[in-house]
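Enquirer: Structure provided below as structure tokens; questions to follow.
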Amino acid sequence: MTHDLSLRVNGTTRPVTVEPRVSLLDVLRDHLGLTGTKKGCDQGACGACTVLADGERVLSCLALAVQYEHREITTIEGVADPLQQAFVKHDGFQCGYCTPGQICSALGMLAEHRSGMPSAATEDVATTPQLTRAEIQERMSGNLCRCGAYNGIVSAIEETAR
Amino acid sequence: MTQTSIPTRTPQRVLGEPIDRVDGHVKTTGAAQYSGDHLYPDLAHAALVHATVPRARITHIDTTAADSLPGVHAVITHHNAPRLQPPPKPTLLNLPTLAAGTSVNYLNTDEVHWNGQPVAVVVADSLDIAREAAQRIRVTYEELPATVDFEQEEPNAVPQKNSALSDGGGKKGDAVAALKSADVSVDLRFSTPMQHHNAIEPHTTTAVWNGKALTVHDGTQHIDWTRRHLALRFKLPLNDVRVISTFVGGAFGGKTNVWAGTILAVVAAKVTGRPVKLALSREGVYRTTGGRTPSTQRVALGADADGQLTALIHTSVTQMGRVGGYAEQVVSQSRHLYDAENILVQQHQLTLDSIANGVMRAPGESIGSFALEAAMDELAHRLDLDPIELRMRNEPDRNPMDGKLFARRGLREAYARGAERFRWADRTPEPRSMRDGRWLVGTGVATAFHPAWVFPANVTMRLSADGDVLVRCGFHEMGMGAATAFTQVTAHALRVPLDSVRIEYGDSDLPIGPGAGGSAQTASVSRAILDAAAKLKKDLAALARRNNTSPDEAPATILSRAGRTHHEVAVGADRGIGRLAGQVRFMSTLLRERRKYVKAACGAQFCEVRVDSDTGEVRVTRWLGVFDIGTVVNAKTAASQLRGGIVMGIGAALGEETLVDGHTGRIVNANLAEYHVPVHADVPRIDIECLGDPDPTMPLGVLGAGEVGIVGVAGAIANAVHHATGLRVRDLPITLDKLL
Ligand code: FES
Ligand code: FES
């Protein structure tokens with residue numbers, strides 16, 4: 001049993017025919033050829049598959065493609081942001097495999113912060129917290145980097161947020 | 001297309017500069033293609049079925065429910081798999097024989113050797129179908145007695161014998177007697193658990209047959225070994241096998257060997273006649289690739305009242321699989337670090353019905369340094385001596401075990417620099433004496449040490465008349481910034497601008513590169529690049545003489561005057577007698593130099609931890625590592641690599657542990673939710689300083705930065721935890737239950 005969908009990805013409409021069990025991640029990679037988004041665990045534990053849906057960060061391995069028909073999906077291929085250059089400058093990656101997820105996640109996280117959303121690191125949830133390194137680290141902790149490029153990632157985000 | 005435009009800009013200083021990575025753009029835009037990103041038309045997907053028992057004979061496999069699923073192209077078991085050549089017996093005389101992860105001839109046998117061994121592979125139109133079909137396969141086993149429990153088997157561990165390249169044990173004087181008569185002594189037992197690399201990219205192979213020729217995209221750390229292994233197993237001429245490994249999504253030793261997934265992807269493609277992608281699931285990574293062995297260790301130290309070591313004993317027990325594995329050199333740094341009058345080191349191994357253990361970042365030193373450095377800290381505590389002072393009093397001029405020369409050794413300087421920068425003197429020495437609210441604060445140090453290696457590397461270097469330089473070598477990029485570093489080395493050697501250099505790598509069609517292991521790639525390829533540059537310059541000088549051009553002219557001018565569009569030189573031979581001669585030369589140089597020198601990177605790790613006095617939670621709050629890695633090729637990427645090692649060490653110290661069920665030998669936490677690698681919030685700002693002086697015995701003076709960073713990390717943290725709490729945790733990881 002398959003479904004015909006049309007997905008909005010990086011500003012274009014893309015028709016796909018998929019089984020309802022297929023993840024958004026596999027549709028992006030295997031059906032639409034957008035291999036920039038990575039699979040690290042397929043279980044929601046690593047963040048490598050993070051994409052944006054209407055600007056919100058989503059783990060695409062845990063998302064069913066059929067539920068994303070009317071959302072505006074942005075993958076790394078659709079991102080053009082100073083943050084990318086900041087990653088290069090601060091060496092916020094080594095192997096680069098977690099990087100698309102880190103970048104998409106950071107963009108979503110910055111939007112969350114702008115909207116006043118607190119985190120577990122926020123001392124006073126009644127105010128909009130400063131985006132300190134501790135806040136960035138807390139909010140980015142769903143994105144694993146086994147190469148250990150965390151320092152550079154946080155610096156890149158810190159610089160871009162200023 | 002001869003051009004006369006020549007590089008006239010003054011070449012910038014390039015060696016050591018923190019230049020941006022040459023692959024920064026592709027890695028931040030999603031354009032970098034890893035081995036699972038090659039979307040061949042008609043690509044099929046494969047999924048594995050894993051054995052659920054540790055040792056058995058398969059009596060029956062029912063595949064009917066899988067076969068009948070629409071979209072399934074093949075269900076391959078030992079009944080219908082193509083016959084393969086068995087893996088070769090590993091021998092040091094033929095290094096590529098070390099490639100095989102295990103000795104099992106997958107799907108060519110009804111025997112099960114470990115819990116998780118692949119017993120079937122399904123190929124289907126999509127991953128979901130392949131996975132569903134795999135779940136429908138029913139395997140019946142006749143179970144056989146199995147040995148799977150490390151602790152239970154420990155009494156049966158056997159001492160390791162010495163070989164040409166690795167020593168199982170050794171002694172100087174009588175350490176046992178010296179320990180007994182020492183003024184002050186400690187005698188401690190330690191344990192470290194099994195760990196897994198957990199590169200964020202799971203091992204993935206895309207295999208494509210083109211008639212009789214085979215191309216595989218595989219994130220291997222050793223293209224040449226993988227290629228030779230596949231040629232042998234599938235009985236192919238070497239020229240018909242191409243291995244491509246352009247970008248590797250992390251490896252840390254886990255992609256050194258050829259594991260089941262690579263072989264079975266090729267089998268699946270052969271059976272179906274379609275390009276096949278086999279991406280291991282995260283669980284599959286734990287089931288089919290070997291992790292770091294667990295260990296138990298004893299470190300006993302004796303000293304006189306001034307803290308001069310009189311006895312050092314370090315012994316270890318580690319695990320190997322009955323189907324292969326590796327005697328991890330746990331005690332190796334105890335031969336090199338401290339000037340004890342009497343030394344006794346001995347490694348032991350036990351054998352389990354498990355997968356072969358693999359190599360993981362600084363195998364041996366990573367876990368061995370935890371025990372040695374924690375014991376040194378305890379001794380300092382008993383002597384009422386500062387732990388850095390104890391180390392300095394025992395810092396040797398020559399290798400303690402045998403009096404060999406150190407090629408270089410910046411440990412004194414590293415500790416001096418580190419103590420100053422870290423403000424070590426600010427601590428109060430008594431344990432549990434520093435507090436910040438409910439946090440107990442402690443600081444700790446430990447020594448990092450990792451031997452340096454050089455492996456053969458072949459390169460070609462081609463200079464064009466327009467000034468462009470192309471260097472080709474089948475080396476590997478797993479995150480070290482290799483292409484960036486070699487761009488710098490080439491620009492430095494030829495005195496040309498960085499942007500005139502292009503590097504091709506990661507492909508068996510290129511001259512054979514070294515494996516990415518032993519922290520040796522930078523030194524190994526640098527040597528070949530320096531040799532090629534020298535050759536190129538010599539050829540150009542000769543060319544200039546023949547054409548009455550001044551040899552001081554720009555290379556491109558010399559070329560165009562001679563009517564040449566380019567000139568290419570080669571270093572090393574990929575095949576035939578030249579290759580053999582190269583290998584013999586390599587081995588004899590290696591053994592000769594090892595008799596003369598101890599070559600190693602080293603460093604001093606400083607950290608501060610905070611321990612929650614109510615919950616026992618440990619936070620690492622400050623880190624400084626001062627390293628002697630010889631020449632630094634790129635200050636930015638070298639620091640990142642050292643940081644990466646430290647982050648992985650923080651994981652080993654505080655969270656990482658692969659749990660194996662003692663009855664079934666099955667890994668129970670085969671996922672990233674229950675195996676705890678460090679996350680953003682666990683990692684403080686990590687300061688790195690490199691001393692930077694070249695090692696006179698290494699190519700370009702480079703010692704390597706890939707592994708030394710993790711060494712000593714768990715020791716430094718354990719020591720800081722002791723300083724904070726007064727508790728000496730000797731069993732990794734230091735979880736909060738051990739501090740309550
Ligand atoms: S692949 Fe989605 S969280 Fe790991
Ligand atoms: S850069 Fe390799 S996992 Fe983050």
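By convention here, the chains of the structure tokens are called A, B, ... in the order presented, each chain's residues are numbered starting at 1, and ligands are numbered starting at 1 in the order presented.
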Give as an mmCIF file with N, CA and C atoms, in the first residue's frame every residue of chain A that touches chain B within 7 Å, counting only C-alpha atoms.
Expert:
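Output (out08.cif):
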```cif
data_model
loop_
_atom_site.group_PDB
_atom_site.id
_atom_site.type_symbol
_atom_site.label_atom_id
_atom_site.label_comp_id
_atom_site.auth_asym_id
_atom_site.auth_seq_id
_atom_site.Cartn_x
_atom_site.Cartn_y
_atom_site.Cartn_z
ATOM 1 N N THR A 35 21.048 13.594 -0.043
ATOM 2 C CA THR A 35 21.832 12.767 0.874
ATOM 3 C C THR A 35 22.631 13.590 1.880
ATOM 4 N N GLY A 36 22.452 14.899 1.858
ATOM 5 C CA GLY A 36 23.150 15.727 2.851
ATOM 6 C C GLY A 36 22.684 15.415 4.263
ATOM 7 N N THR A 37 21.423 15.076 4.429
ATOM 8 C CA THR A 37 20.900 14.702 5.741
ATOM 9 C C THR A 37 21.364 13.284 6.058
ATOM 10 N N GLY A 40 22.458 8.422 11.617
ATOM 11 C CA GLY A 40 23.469 7.937 12.548
ATOM 12 C C GLY A 40 22.964 6.811 13.419
ATOM 13 N N CYS A 41 21.647 6.778 13.659
ATOM 14 C CA CYS A 41 21.126 5.748 14.563
ATOM 15 C C CYS A 41 19.756 5.251 14.131
ATOM 16 N N ALA A 45 18.398 9.112 18.593
ATOM 17 C CA ALA A 45 19.368 9.276 19.677
ATOM 18 C C ALA A 45 20.589 10.112 19.321
ATOM 19 N N CYS A 46 20.761 10.492 18.050
ATOM 20 C CA CYS A 46 22.032 11.144 17.699
ATOM 21 C C CYS A 46 21.889 12.526 17.072
ATOM 22 N N ILE A 76 19.863 20.496 4.735
ATOM 23 C CA ILE A 76 21.145 21.216 4.633
ATOM 24 C C ILE A 76 21.353 21.761 3.218
ATOM 25 N N GLU A 77 20.831 21.044 2.217
ATOM 26 C CA GLU A 77 21.012 21.517 0.838
ATOM 27 C C GLU A 77 20.284 22.840 0.607
ATOM 28 N N GLN A 84 27.237 28.494 8.462
ATOM 29 C CA GLN A 84 28.069 27.475 7.803
ATOM 30 C C GLN A 84 29.523 27.924 7.740
ATOM 31 N N VAL A 88 33.179 26.525 9.597
ATOM 32 C CA VAL A 88 34.493 26.321 8.977
ATOM 33 C C VAL A 88 35.550 27.097 9.764
ATOM 34 N N LYS A 89 35.234 28.345 10.062
ATOM 35 C CA LYS A 89 36.204 29.205 10.756
ATOM 36 C C LYS A 89 36.588 28.620 12.123
ATOM 37 N N GLN A 94 34.839 17.621 12.278
ATOM 38 C CA GLN A 94 36.026 16.934 11.776
ATOM 39 C C GLN A 94 35.601 16.070 10.596
ATOM 40 N N CYS A 95 34.977 14.920 10.899
ATOM 41 C CA CYS A 95 34.579 14.058 9.781
ATOM 42 C C CYS A 95 33.450 14.674 8.970
ATOM 43 N N GLY A 96 32.657 15.539 9.593
ATOM 44 C CA GLY A 96 31.589 16.224 8.876
ATOM 45 C C GLY A 96 30.263 15.475 8.842
ATOM 46 N N TYR A 97 30.219 14.303 9.429
ATOM 47 C CA TYR A 97 29.011 13.487 9.283
ATOM 48 C C TYR A 97 27.847 14.014 10.126
ATOM 49 N N CYS A 98 28.161 14.549 11.306
ATOM 50 C CA CYS A 98 27.086 15.083 12.151
ATOM 51 C C CYS A 98 26.724 16.501 11.765
ATOM 52 N N THR A 99 27.528 17.102 10.878
ATOM 53 C CA THR A 99 27.488 18.540 10.642
ATOM 54 C C THR A 99 26.159 19.051 10.069
ATOM 55 N N PRO A 100 25.600 18.401 9.029
ATOM 56 C CA PRO A 100 24.305 18.887 8.546
ATOM 57 C C PRO A 100 23.254 18.930 9.655
ATOM 58 N N GLN A 137 25.084 24.888 24.806
ATOM 59 C CA GLN A 137 25.436 23.471 25.027
ATOM 60 C C GLN A 137 24.218 22.664 25.430
ATOM 61 N N GLU A 138 23.437 23.209 26.349
ATOM 62 C CA GLU A 138 22.237 22.501 26.797
ATOM 63 C C GLU A 138 21.274 22.274 25.630
ATOM 64 N N MET A 140 21.835 22.206 22.502
ATOM 65 C CA MET A 140 22.371 21.422 21.377
ATOM 66 C C MET A 140 22.699 19.983 21.781
ATOM 67 N N SER A 141 22.352 19.595 22.993
ATOM 68 C CA SER A 141 22.808 18.295 23.483
ATOM 69 C C SER A 141 22.138 17.095 22.809
ATOM 70 N N LEU A 144 24.781 14.632 18.724
ATOM 71 C CA LEU A 144 26.068 14.046 19.106
ATOM 72 C C LEU A 144 27.120 14.334 18.048
ATOM 73 N N ARG A 146 30.751 12.586 17.589
ATOM 74 C CA ARG A 146 31.724 11.646 18.143
ATOM 75 C C ARG A 146 33.156 12.101 17.886
ATOM 76 N N CYS A 147 33.337 12.949 16.877
ATOM 77 C CA CYS A 147 34.677 13.505 16.669
ATOM 78 C C CYS A 147 35.029 14.492 17.779
ATOM 79 N N GLY A 148 34.024 14.922 18.530
ATOM 80 C CA GLY A 148 34.296 15.820 19.649
ATOM 81 C C GLY A 148 34.570 17.249 19.238
ATOM 82 N N ALA A 149 33.858 17.716 18.205
ATOM 83 C CA ALA A 149 34.081 19.091 17.732
ATOM 84 C C ALA A 149 33.200 20.089 18.490
ATOM 85 N N TYR A 150 32.744 19.706 19.673
ATOM 86 C CA TYR A 150 31.761 20.520 20.408
ATOM 87 C C TYR A 150 32.220 21.954 20.647
ATOM 88 N N ASN A 151 33.454 22.148 21.070
ATOM 89 C CA ASN A 151 33.940 23.508 21.349
ATOM 90 C C ASN A 151 33.756 24.416 20.138
#
```
Enquirer: Please provide as a PyMOL selection string all residues within 12 Å of range 589-592 of chain B, with the sequence filter that same-chain residues fewer than 6 positions apart are discarded (counting only C-alpha atoms).
Expert: chain B and resi 163-166+452-456+582-583+598-599+697-698
Enquirer: Go through chain A and collect every residue that DSSP, computed from the backbone, puts in alpha helix (DSSP H); the answer should be as a PyMOL selection string.
Expert: chain A and resi 24-26+82-89+99-114+133-139+150-161
Enquirer: Can you check which parts of chain A lie within 8 Å of ligand 1? Per residue, the shortest pair of atoms and distance in Å to one decimal, counting only C-alpha atoms and all ligand atoms, sorted by chain and number, as a Markdown table.
Expert:
```
| residue | atom | partner | partner_atom_place_in_ligand_line | distance |
| --- | --- | --- | --- | --- |
| A:Leu25 | CA | ligand 1 | 2 (Fe) | 7.8 |
| A:Lys38 | CA | ligand 1 | 1 (S) | 6.6 |
| A:Lys39 | CA | ligand 1 | 1 (S) | 4.0 |
| A:Gly40 | CA | ligand 1 | 1 (S) | 4.2 |
| A:Cys41 | CA | ligand 1 | 4 (Fe) | 3.9 |
| A:Asp42 | CA | ligand 1 | 1 (S) | 4.0 |
| A:Gln43 | CA | ligand 1 | 4 (Fe) | 5.5 |
| A:Gly44 | CA | ligand 1 | 3 (S) | 3.3 |
| A:Ala45 | CA | ligand 1 | 3 (S) | 4.4 |
| A:Cys46 | CA | ligand 1 | 4 (Fe) | 3.8 |
| A:Gly47 | CA | ligand 1 | 3 (S) | 3.9 |
| A:Ala48 | CA | ligand 1 | 1 (S) | 5.2 |
| A:Cys49 | CA | ligand 1 | 2 (Fe) | 4.4 |
| A:Thr50 | CA | ligand 1 | 2 (Fe) | 6.7 |
| A:Leu59 | CA | ligand 1 | 2 (Fe) | 5.2 |
| A:Ser60 | CA | ligand 1 | 2 (Fe) | 6.0 |
| A:Cys61 | CA | ligand 1 | 2 (Fe) | 4.3 |
| A:Leu62 | CA | ligand 1 | 2 (Fe) | 6.4 |
| A:Asn143 | CA | ligand 1 | 3 (S) | 7.9 |
```
Enquirer: Restricting the calculation to only C-alpha atoms, which member of A:Val16, A:Ile103, A:Met109, A:Leu28 is positioned closest to Gln85 in chain A?
Expert: A:Ile103
Enquirer: As JSON, numbers by chain, list the residues of range 347-593 of chain B assigned to strand (DSSP E) by DSSP on the backbone atoms of this structure.
Expert: {"B": [347, 348, 349, 350, 351, 352, 405, 406, 435, 436, 439, 440, 441, 442, 443, 444, 445, 446, 447, 448, 449, 450, 451, 459, 460, 461, 462, 463, 464, 469, 470, 471, 472, 501, 502, 503, 504, 566, 567, 568, 569, 570, 571]}
Enquirer: Save out the residues we just selected, N, CA and C atoms, as a tab-separated table (two decimals), in the first residue's frame.
Expert:
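Resulting contents of result_4.tsv:
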```tsv
chain	number	residue	atom	x	y	z
B	347	GLN	N	51.40	-8.68	30.00
B	347	GLN	CA	50.01	-8.72	29.53
B	347	GLN	C	49.54	-10.17	29.45
B	348	HIS	N	48.24	-10.36	29.71
B	348	HIS	CA	47.62	-11.69	29.58
B	348	HIS	C	46.37	-11.53	28.74
B	349	GLN	N	46.00	-12.59	28.04
B	349	GLN	CA	44.75	-12.57	27.31
B	349	GLN	C	43.92	-13.80	27.65
B	350	LEU	N	42.63	-13.61	27.62
B	350	LEU	CA	41.72	-14.75	27.70
B	350	LEU	C	40.92	-14.78	26.40
B	351	THR	N	40.33	-15.94	26.13
B	351	THR	CA	39.64	-16.11	24.85
B	351	THR	C	38.18	-16.43	25.11
B	352	LEU	N	37.31	-15.69	24.43
B	352	LEU	CA	35.87	-15.90	24.60
B	352	LEU	C	35.22	-16.23	23.27
B	405	LEU	N	67.48	5.62	23.60
B	405	LEU	CA	67.33	7.08	23.57
B	405	LEU	C	65.88	7.44	23.29
B	406	PHE	N	65.45	8.55	23.87
B	406	PHE	CA	64.19	9.15	23.44
B	406	PHE	C	64.49	10.05	22.25
B	435	ARG	N	35.59	23.48	47.88
B	435	ARG	CA	34.15	23.40	47.78
B	435	ARG	C	33.60	24.68	47.17
B	436	ASP	N	32.54	24.53	46.37
B	436	ASP	CA	31.86	25.70	45.85
B	436	ASP	C	30.37	25.40	46.00
B	439	TRP	N	28.97	21.86	45.43
B	439	TRP	CA	29.91	21.15	44.57
B	439	TRP	C	31.25	20.94	45.27
B	440	LEU	N	31.71	19.72	45.26
B	440	LEU	CA	33.07	19.41	45.70
B	440	LEU	C	33.98	19.60	44.49
B	441	VAL	N	35.04	20.35	44.66
B	441	VAL	CA	35.89	20.70	43.52
B	441	VAL	C	37.24	19.97	43.64
B	442	GLY	N	37.71	19.46	42.52
B	442	GLY	CA	39.01	18.80	42.54
B	442	GLY	C	39.74	19.00	41.23
B	443	THR	N	41.08	18.94	41.31
B	443	THR	CA	41.86	19.01	40.07
B	443	THR	C	42.77	17.79	40.00
B	444	GLY	N	43.09	17.41	38.78
B	444	GLY	CA	43.93	16.23	38.60
B	444	GLY	C	44.79	16.37	37.36
B	445	VAL	N	45.88	15.62	37.36
B	445	VAL	CA	46.75	15.58	36.18
B	445	VAL	C	47.02	14.12	35.81
B	446	ALA	N	47.44	13.94	34.58
B	446	ALA	CA	47.92	12.63	34.13
B	446	ALA	C	48.77	12.84	32.89
B	447	THR	N	49.63	11.87	32.64
B	447	THR	CA	50.53	11.95	31.50
B	447	THR	C	49.93	11.23	30.30
B	448	ALA	N	50.10	11.84	29.13
B	448	ALA	CA	49.68	11.21	27.87
B	448	ALA	C	50.93	10.76	27.14
B	449	PHE	N	50.81	9.63	26.48
B	449	PHE	CA	51.97	9.06	25.79
B	449	PHE	C	51.47	8.18	24.67
B	450	HIS	N	52.02	8.35	23.47
B	450	HIS	CA	51.62	7.45	22.38
B	450	HIS	C	52.77	7.29	21.40
B	451	PRO	N	53.13	6.04	21.10
B	451	PRO	CA	54.25	5.80	20.19
B	451	PRO	C	53.98	6.35	18.79
B	459	VAL	N	53.26	8.15	-3.63
B	459	VAL	CA	52.56	9.33	-4.15
B	459	VAL	C	53.07	9.62	-5.56
B	460	THR	N	52.24	10.33	-6.31
B	460	THR	CA	52.76	10.98	-7.51
B	460	THR	C	52.56	12.48	-7.32
B	461	MET	N	53.47	13.24	-7.89
B	461	MET	CA	53.37	14.70	-7.82
B	461	MET	C	53.57	15.24	-9.22
B	462	ARG	N	52.64	16.08	-9.63
B	462	ARG	CA	52.68	16.55	-11.01
B	462	ARG	C	52.61	18.07	-11.02
B	463	LEU	N	53.61	18.66	-11.65
B	463	LEU	CA	53.64	20.11	-11.77
B	463	LEU	C	53.26	20.49	-13.19
B	464	SER	N	52.30	21.39	-13.32
B	464	SER	CA	51.91	21.84	-14.66
B	464	SER	C	52.57	23.17	-14.96
B	469	VAL	N	49.86	22.22	-8.98
B	469	VAL	CA	50.50	20.99	-8.49
B	469	VAL	C	49.41	20.00	-8.11
B	470	LEU	N	49.54	18.80	-8.60
B	470	LEU	CA	48.58	17.75	-8.24
B	470	LEU	C	49.33	16.63	-7.52
B	471	VAL	N	48.88	16.35	-6.30
B	471	VAL	CA	49.45	15.24	-5.54
B	471	VAL	C	48.39	14.16	-5.43
B	472	ARG	N	48.77	12.93	-5.74
B	472	ARG	CA	47.81	11.83	-5.69
B	472	ARG	C	48.32	10.75	-4.75
B	501	VAL	N	47.78	24.06	-5.10
B	501	VAL	CA	47.93	22.64	-4.80
B	501	VAL	C	46.57	21.94	-4.77
B	502	ARG	N	46.50	20.83	-5.43
B	502	ARG	CA	45.29	20.01	-5.38
B	502	ARG	C	45.70	18.60	-4.96
B	503	ILE	N	44.88	18.00	-4.12
B	503	ILE	CA	45.21	16.67	-3.61
B	503	ILE	C	44.10	15.70	-3.98
B	504	GLU	N	44.45	14.57	-4.54
B	504	GLU	CA	43.48	13.50	-4.76
B	504	GLU	C	43.78	12.36	-3.81
B	566	HIS	N	53.83	19.63	-18.49
B	566	HIS	CA	53.86	19.22	-17.09
B	566	HIS	C	55.03	18.27	-16.86
B	567	HIS	N	55.31	18.04	-15.60
B	567	HIS	CA	56.30	17.02	-15.26
B	567	HIS	C	55.80	16.28	-14.02
B	568	GLU	N	55.90	14.97	-14.08
B	568	GLU	CA	55.39	14.18	-12.95
B	568	GLU	C	56.48	13.29	-12.39
B	569	VAL	N	56.50	13.19	-11.06
B	569	VAL	CA	57.42	12.24	-10.41
B	569	VAL	C	56.61	11.30	-9.53
B	570	ALA	N	57.18	10.13	-9.28
B	570	ALA	CA	56.51	9.15	-8.43
B	570	ALA	C	57.44	8.72	-7.32
B	571	VAL	N	56.87	8.50	-6.15
B	571	VAL	CA	57.62	7.95	-5.02
B	571	VAL	C	56.97	6.64	-4.62
```
Enquirer: Tell me, in Å to one decimal, how far CA of Val668 in chain B is from CA of Gly116 in chain B.
Expert: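 Interatomic distance, CA of Val668 in chain B to CA of Gly116 in chain B: 11.2 Å.
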